[in-house]
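This report refers to the structure that appears directly beneath it.
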Amino acid sequence: MSSLAQFEELKARAESCLATSGSVQKVRPFITAMAETAVPVSTRYQHIPAENIIKENIAGKNQKEVVESLTQLIKALNILVKYGCNLTNPNRPQYWRTVKYNNPVFKTVVDIIKGGRNVLCLYGYTNKMPDGLNFPDDVTSPDVQKVAEVATEVMTLSAELDLFTKGKHSHPEFFEKNIPLHRQAQEKDDQEVISDAKVIQVPVPKPRACNTHWQCQKCTFINLKHGSICEMCDMHQEDPVTKNINLCNPLPSKDDVMSITKSQASFKILDIKKQDTFRKEGLKLLHHLKEGEKKGFGPEEVYAALQASGGSGVWDWLHSELPHVLEEICAMAASVQLHRKTQCSRIQAGSGEHHNTEILLSKAEAKQAWITSEGNTQKAVLQLLSDRAAKLHVLMSMGFVDRLACEKALFISAGDLGGALSHLQRPLLQPLHNNIWKEQTNIHFDINHDDKEWLCCRLLGLYNLPSWGRCLLALSLLQQPDVEYSLEDVVQCVREHHDKDFINRILKKECKICFGSFPQRKMHSLTACQCSMCTECFKQHFTVVLRDKHIRDMVCPVCEEPDINDPETFLTYVSTLDVQLRVYLEPETYELFGKKLMEHAVMKDPKFLWCCHCTNGFINDKDQLKVTCQNCQQSFCSKCKKPWEDQHEGISCNDFQAWKRENDSDYQKQGLAGFLHDNGINCPNCKFQYALAKGGCMHFTCSQCRYEFCCGCNNPFHKRGCMYAQCTVTGLHAHHPRDCLFYLRDWTPARLQALLQMGGVKFNIDPDGTTMEGCGVMEQKDGAQFDAPCGIQTQEGHAGLCDKHYREYLVSLINAHLLDPADFFEEGELISACKRHKVYHDRGEEENDETYHTRLRQKLKEIPLGDKVPRKI
């Protein structure tokens, strides 16, 4: 058979194999055989312009540059082969119709050579787009036979160029005419080596008797001394009996010695170049390993990738190509295993036996085999099968005889032997697991059983007590006379403590509300106090508060701690209380807690308003004075909180109030009772307004927000200890300023009138037309759920009011006009005020009463009046 006929037959078989399998490994033997045939390049390649591709992609002026350009061309051809194999593979990739220009591998390897896109067009990528090449829309599948023919030629060209650059091609003359620079560069490098060798002075050894020399069969170096190892390549000298290489010759002549010396010099120069090359390659490899460590790749993985990718674009190769290589390794291993299965089936058919040889391989195993084989795909296949066989042998030697089950376990565990063993053992332990984790609804435990050891064993097994001694301790507690401990309570305590007396104490905690005895784990306490209450009392107290009371009533039912007038204390308290309520309250009751907290936060908004007609509160986003309540649909003023009247339109609240006093007959009939009604109590916390007089007890609790304050100066009350350090005030702490009604209500009307007269403020002494019998000022009755008129008999000169409310009227005028009562303080009042404000009040030795009093008044006047005192006119 002629060379051409042999070549055509091999090519046809390669194309057929590639068209049916899409596997490069199966076609490679045909490609290698085709390279051995003596067929010119122009005859070999019918589809691709091989000669033009070689000429257009050769660059450089010396051998090194030429070889580098050929190496780059080989890499590009290999990637083009993979594109073709993807099209001929029965399981084509999902995106086989498109080749993107911005693909890292295509961009850095294929697209930098000339003719690469033309090869893709031969595959069928004929539709050119701005970002890549596509198959035409009317093409539903590639022409597999055409792709196989083109891919076979591309693979052949890659293989031949690789053999040619390595000097292993059987017919290099076919390529030397297309690569003339390769031969010239080789001859030039040889001449430079010889020329350099001539100038090196090598001392000529003195002749010695019985000196021998031998030539290394590997590197042809002439060794001049005794020994069996080559000085240049460390090759052992071959046995003279079998190869007749080690020859004993007479002493060489001078010409022979000089010839040998020149040869040694040449090889030493080559050795220096070789060492320099090794050093550069080593530094390059070290750089890749360090870079790979930063990117999360191990050194073995990087080295294998360098071998597989040829050293360029290794990171892109690892991300884009390695997954395909691992799939190929698994497929090839399965193919080899299928071949073995076929042979095994034939053997078993004769013997009547049958064994399942199905193999399941994971990418993790394929990757490990690929790393072990240093990137060699064929070795990785053999390594993968060998590793899997060894692991199967270990599992089957442990008694797991089902080969398919072992295969599946190894596949699920990604080849991990321990994971596979755990997977195989799990079904065997399932009955035990079911019994262990089965819910024990009714555990029979007779504490009066006669066998004490049996009782301890039951305790140890069922309740996981830490030791045998703790079991005995639990039994002694349960068997005490007249005990009401439950088994679970005792076990819980014994797990945590070992002292019997201490356990008895914590099992008998008293609830401060119902006075029952409960174990400590069933008792609850708040973060603000040390009071303990049982679970039932805890739930009942907070359920009632949330359903029927204000959120500020959610304090300890025993000691009423904490004082939640302080905003920081309130926030800290409710944040910890939230965790307890979430666990122990019913879901619908717990939702009320969230709603009440939200309402409490909304009331802090500066735009929040209370309706003066009803108890509704809302956020008012408008800037107008007139506001309409969404609940009762009645209007009021957003500033003075008075019911809205048309006369208020366009004028200030003070002007409107003056108009009412002068023109409103109904208002005039109320007299000063109406004045006190309009200047009632405003809560400083939530701004809710009460139409009540301030007389009586100064301690006022807002019904809306439960804020406790002095209604004369709006300072907060502190029921349990003052917030100020070293405070000497006892009782309820409000720290009233000197102009608070708390102090001025004890002055006589005449004294208050004198202070007003000194400030030039007019006041009423005659009734203003009121017809009510008794004082008509509205006030909050102690213990009552409603407000009612005062009803006390009025006095002459008190403007139709009782003595108490007339004083309140006069004090409101004093506060409205910022009059300082210190001007009328007597000596005792001056000294008390100085003590409250920590002002030095000792009398001087030469001070008389007038000088002493004047000095104290001046010191007190340096202290501002109350900043929260209501000052309405």
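All residue names refer to the structure tokens as shown: chains lettered A, B, ... in order, residues numbered from 1 in each chain, ligands numbered from 1 in order.
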With a cut-off of 12 Å, could you pull out the residues of stretch 472-541 of chain A touching stretch 585-605 of chain A and give me the nearest pair of atoms for each, distance in Å to one decimal, using only C-alpha atoms, ordered by chain and ascending number, as a Markdown table?
```
| residue | atom | partner | partner_atom | distance |
| --- | --- | --- | --- | --- |
| A:Thr535 | CA | A:Leu585 | CA | 10.1 |
| A:Glu536 | CA | A:Leu585 | CA | 10.2 |
| A:Cys537 | CA | A:Leu585 | CA | 11.5 |
| A:Phe538 | CA | A:Leu585 | CA | 9.1 |
| A:Lys539 | CA | A:Leu585 | CA | 6.1 |
| A:Gln540 | CA | A:Leu585 | CA | 8.9 |
| A:His541 | CA | A:Leu585 | CA | 10.5 |
```
Go ahead and save the residues from that selection, with C-alpha atoms, as a short mmCIF file (atom, residue, chain, number, x, y, z; two decimals), in the first residue's frame.
```cif
data_model
loop_
_atom_site.label_atom_id
_atom_site.label_comp_id
_atom_site.auth_asym_id
_atom_site.auth_seq_id
_atom_site.Cartn_x
_atom_site.Cartn_y
_atom_site.Cartn_z
CA THR A 535 -44.97 31.45 86.08
CA GLU A 536 -48.74 31.66 86.49
CA CYS A 537 -48.62 34.94 88.45
CA PHE A 538 -46.15 36.38 85.95
CA LYS A 539 -48.41 35.57 83.01
CA GLN A 540 -51.58 36.78 84.74
CA HIS A 541 -50.11 40.12 85.87
#
```
inquiry  = Using only C-alpha atoms, which protein or nucleic acid residues come within 6 Å of stretch 150-163 of chain A? Drop anything in the same chain fewer than 2 positions from it, and give the result as a list in words.
reply    = Ile31, Ile74, Leu77, Val81, Gly84, Val147, Ala148, Thr165, Lys166, Lys168 and His169 of chain A
remark   = Restricting to only C-alpha atoms, whichever of A:Thr71, A:Lys607, A:Ala816, A:Gly469 is closest to A:Asp621 is A:Lys607
key: Residue with smallest distance to A:Gln634 - pool A:Gln689, A:Asn616, A:Ser525, A:Asn654, counting only C-alpha atoms   =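 The answer is A:Asn616, which sits nearest to A:Gln634.
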ask   = Can you list every residue in stretch 496-551 of chain A that DSSP puts in helix (DSSP H, G or I), as a list in words?
value =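 DSSP on the backbone gives helix (DSSP H, G or I) at Glu496, Lys500, Asp501, Phe502, Ile503, Asn504, Arg505, Ile506, Gln520, Arg521, Lys522, Thr535, Glu536, Cys537, Phe538, Lys539, Gln540, His541, Phe542, Thr543, Val544, Val545, Leu546, Arg547, Asp548 and Ile551 of chain A.
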query = For A:Leu395, which residue among A:Leu477, A:Leu424, A:Leu133, A:Ala380 is the nearest when counting only C-alpha atoms?
reply =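 With only C-alpha atoms as the atom set, the closest residue is A:Leu424.
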request  = Compile the contact shell of A:Ser517 as a PyMOL selection string: residues with an atom at most 12 Å away, counting only C-alpha atoms, same-chain residues fewer than 3 positions apart removed.
outcome  = chain A and resi 483-485+504-514+520-523+532-535
Kindly save the residues from that selection, with N, CA and C atoms included, as an mmCIF file, in the first residue's frame.
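Everything below was put into result-v9.cif:
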```
data_model
loop_
_atom_site.group_PDB
_atom_site.id
_atom_site.type_symbol
_atom_site.label_atom_id
_atom_site.label_comp_id
_atom_site.auth_asym_id
_atom_site.auth_seq_id
_atom_site.Cartn_x
_atom_site.Cartn_y
_atom_site.Cartn_z
ATOM 1 N N VAL A 483 -42.472 15.173 100.461
ATOM 2 C CA VAL A 483 -41.930 16.079 99.435
ATOM 3 C C VAL A 483 -42.921 16.156 98.266
ATOM 4 N N GLU A 484 -42.935 17.287 97.620
ATOM 5 C CA GLU A 484 -43.814 17.485 96.472
ATOM 6 C C GLU A 484 -43.000 17.818 95.221
ATOM 7 N N TYR A 485 -41.751 17.374 95.227
ATOM 8 C CA TYR A 485 -40.907 17.648 94.066
ATOM 9 C C TYR A 485 -41.311 16.727 92.914
ATOM 10 N N ASN A 504 -32.408 21.659 98.064
ATOM 11 C CA ASN A 504 -33.688 21.762 98.780
ATOM 12 C C ASN A 504 -34.181 23.206 98.829
ATOM 13 N N ARG A 505 -33.228 24.144 98.976
ATOM 14 C CA ARG A 505 -33.623 25.553 99.041
ATOM 15 C C ARG A 505 -34.143 26.054 97.685
ATOM 16 N N ILE A 506 -33.470 25.689 96.635
ATOM 17 C CA ILE A 506 -33.902 26.207 95.336
ATOM 18 C C ILE A 506 -35.133 25.472 94.812
ATOM 19 N N LEU A 507 -35.471 24.323 95.421
ATOM 20 C CA LEU A 507 -36.708 23.643 95.053
ATOM 21 C C LEU A 507 -37.913 24.196 95.796
ATOM 22 N N LYS A 508 -37.663 25.067 96.792
ATOM 23 C CA LYS A 508 -38.758 25.630 97.597
ATOM 24 C C LYS A 508 -38.685 27.154 97.590
ATOM 25 N N LYS A 509 -38.813 27.768 96.432
ATOM 26 C CA LYS A 509 -38.843 29.217 96.319
ATOM 27 C C LYS A 509 -40.285 29.709 96.487
ATOM 28 N N GLU A 510 -40.456 30.787 97.268
ATOM 29 C CA GLU A 510 -41.788 31.312 97.553
ATOM 30 C C GLU A 510 -42.143 32.413 96.569
ATOM 31 N N CYS A 511 -43.317 32.329 95.988
ATOM 32 C CA CYS A 511 -43.828 33.376 95.103
ATOM 33 C C CYS A 511 -44.333 34.539 95.963
ATOM 34 N N LYS A 512 -43.897 35.756 95.657
ATOM 35 C CA LYS A 512 -44.261 36.922 96.461
ATOM 36 C C LYS A 512 -45.702 37.377 96.239
ATOM 37 N N ILE A 513 -46.387 36.759 95.290
ATOM 38 C CA ILE A 513 -47.764 37.165 94.996
ATOM 39 C C ILE A 513 -48.767 36.154 95.553
ATOM 40 N N CYS A 514 -48.605 34.878 95.179
ATOM 41 C CA CYS A 514 -49.552 33.854 95.664
ATOM 42 C C CYS A 514 -49.004 33.084 96.857
ATOM 43 N N GLN A 520 -36.895 26.785 91.543
ATOM 44 C CA GLN A 520 -36.336 28.042 91.053
ATOM 45 C C GLN A 520 -36.509 28.189 89.541
ATOM 46 N N ARG A 521 -36.444 27.069 88.803
ATOM 47 C CA ARG A 521 -36.541 27.167 87.350
ATOM 48 C C ARG A 521 -37.945 27.557 86.892
ATOM 49 N N LYS A 522 -38.939 27.489 87.822
ATOM 50 C CA LYS A 522 -40.296 27.904 87.496
ATOM 51 C C LYS A 522 -40.637 29.267 88.082
ATOM 52 N N MET A 523 -39.626 29.974 88.602
ATOM 53 C CA MET A 523 -39.820 31.305 89.161
ATOM 54 C C MET A 523 -39.250 32.336 88.196
ATOM 55 N N SER A 532 -39.489 37.660 93.270
ATOM 56 C CA SER A 532 -39.720 36.441 92.494
ATOM 57 C C SER A 532 -41.210 36.139 92.456
ATOM 58 N N MET A 533 -41.656 35.660 91.286
ATOM 59 C CA MET A 533 -43.061 35.263 91.140
ATOM 60 C C MET A 533 -43.109 34.011 90.286
ATOM 61 N N CYS A 534 -44.119 33.218 90.497
ATOM 62 C CA CYS A 534 -44.250 31.977 89.748
ATOM 63 C C CYS A 534 -44.697 32.281 88.319
ATOM 64 N N THR A 535 -44.640 31.270 87.493
ATOM 65 C CA THR A 535 -44.968 31.454 86.075
ATOM 66 C C THR A 535 -46.415 31.903 85.897
#
```
ask   = Quick one: of A:Cys457, A:Cys614, A:Leu571, A:Ile54, who's nearest to A:Phe175, counting only C-alpha atoms?
value =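 Among A:Cys457, A:Cys614, A:Leu571, A:Ile54, it is A:Ile54 that comes nearest to A:Phe175.
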task = For atom CA of A:Val545 and atom CA of A:Ala788, quote the distance in Å rounded to one decimal.
result =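 Atom CA of A:Ala788 lies 28.1 Å from atom CA of A:Val545.
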key: Closest of A:Lys549, A:Lys290, A:His718, A:Arg843 to A:Arg706 - atom-to-atom distances counting only C-alpha atoms   =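 Selected residue with least distance to A:Arg706: A:Lys549.
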task = Calculate how many Å separate atom CA of A:Asp137 from atom CA of A:Val99, rounding to one decimal.
result = 14.4 Å
request  = Give the strand (DSSP E) residues of stretch 477-697 of chain A, as assigned by DSSP on the backbone, as a PyMOL selection string.
outcome  = chain A and resi 509-510+517-518+523-524+533-534+608-610+617-619+626-628+635-637+681-682+689-690
Using N, CA and C atoms, can you write the selected residues to a file as a short mmCIF file (atom, residue, chain, number, x, y, z; two decimals), in the first residue's frame?
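What landed in selection.cif:
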```
data_model
loop_
_atom_site.label_atom_id
_atom_site.label_comp_id
_atom_site.auth_asym_id
_atom_site.auth_seq_id
_atom_site.Cartn_x
_atom_site.Cartn_y
_atom_site.Cartn_z
N LYS A 509 -38.81 27.77 96.43
CA LYS A 509 -38.84 29.22 96.32
C LYS A 509 -40.29 29.71 96.49
N GLU A 510 -40.46 30.79 97.27
CA GLU A 510 -41.79 31.31 97.55
C GLU A 510 -42.14 32.41 96.57
N SER A 517 -45.00 27.57 96.89
CA SER A 517 -43.61 27.10 96.78
C SER A 517 -43.41 26.46 95.41
N PHE A 518 -42.35 26.87 94.75
CA PHE A 518 -42.06 26.39 93.41
C PHE A 518 -40.55 26.21 93.25
N MET A 523 -39.63 29.97 88.60
CA MET A 523 -39.82 31.30 89.16
C MET A 523 -39.25 32.34 88.20
N HIS A 524 -39.81 33.55 88.26
CA HIS A 524 -39.38 34.62 87.36
C HIS A 524 -39.15 35.88 88.15
N MET A 533 -41.66 35.66 91.29
CA MET A 533 -43.06 35.26 91.14
C MET A 533 -43.11 34.01 90.29
N CYS A 534 -44.12 33.22 90.50
CA CYS A 534 -44.25 31.98 89.75
C CYS A 534 -44.70 32.28 88.32
N PHE A 608 -47.41 65.13 67.44
CA PHE A 608 -48.51 64.37 68.03
C PHE A 608 -49.45 65.30 68.79
N LEU A 609 -50.74 65.11 68.63
CA LEU A 609 -51.75 65.93 69.30
C LEU A 609 -52.80 65.05 69.95
N TRP A 610 -53.29 65.52 71.12
CA TRP A 610 -54.46 64.91 71.75
C TRP A 610 -55.69 65.75 71.41
N GLY A 617 -55.66 60.36 70.06
CA GLY A 617 -54.41 61.04 69.74
C GLY A 617 -53.97 60.67 68.34
N PHE A 618 -53.27 61.60 67.66
CA PHE A 618 -52.87 61.34 66.28
C PHE A 618 -51.73 62.28 65.90
N ILE A 619 -51.09 61.97 64.76
CA ILE A 619 -50.00 62.80 64.23
C ILE A 619 -50.61 63.83 63.28
N LYS A 626 -56.25 75.21 62.82
CA LYS A 626 -57.46 74.41 62.93
C LYS A 626 -57.14 72.94 62.60
N VAL A 627 -57.47 72.05 63.53
CA VAL A 627 -57.23 70.63 63.36
C VAL A 627 -58.53 69.89 63.61
N THR A 628 -58.83 68.90 62.80
CA THR A 628 -60.05 68.10 62.95
C THR A 628 -59.69 66.69 63.40
N SER A 635 -63.33 69.92 65.74
CA SER A 635 -62.11 70.69 65.48
C SER A 635 -61.65 71.40 66.74
N PHE A 636 -60.35 71.67 66.79
CA PHE A 636 -59.76 72.40 67.91
C PHE A 636 -58.49 73.07 67.42
N CYS A 637 -57.94 73.94 68.25
CA CYS A 637 -56.71 74.67 67.89
C CYS A 637 -55.50 73.81 68.22
N ILE A 681 -54.41 71.77 83.48
CA ILE A 681 -53.15 71.03 83.60
C ILE A 681 -52.80 70.41 82.25
N ASN A 682 -51.55 70.61 81.83
CA ASN A 682 -51.04 69.97 80.61
C ASN A 682 -49.93 69.00 80.99
N GLN A 689 -54.16 67.57 77.67
CA GLN A 689 -54.64 68.74 78.41
C GLN A 689 -55.84 68.36 79.28
N TYR A 690 -55.78 68.81 80.54
CA TYR A 690 -56.86 68.57 81.49
C TYR A 690 -57.46 69.92 81.88
#
```
inquiry  = Residues near A:Val41, anyone? I mean within 8 Å using only C-alpha atoms, not counting same-chain ones fewer than 5 positions away, as a ChimeraX atom specification.
reply    = /A:50-51,174-175
Dump as a tab-separated table (two decimals), in the first residue's frame, selection limited to N, CA and C atoms:
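New file selection04.tsv:
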```tsv
chain	number	residue	atom	x	y	z
A	50	ALA	N	-2.90	24.89	5.43
A	50	ALA	CA	-1.88	24.64	6.45
A	50	ALA	C	-0.62	25.46	6.20
A	51	GLU	N	-0.14	25.48	4.94
A	51	GLU	CA	1.11	26.19	4.65
A	51	GLU	C	0.95	27.69	4.92
A	174	PHE	N	9.36	18.19	4.98
A	174	PHE	CA	8.12	18.76	4.47
A	174	PHE	C	7.84	20.14	5.06
A	175	PHE	N	8.41	20.43	6.26
A	175	PHE	CA	8.12	21.70	6.93
A	175	PHE	C	9.26	22.68	6.85
```
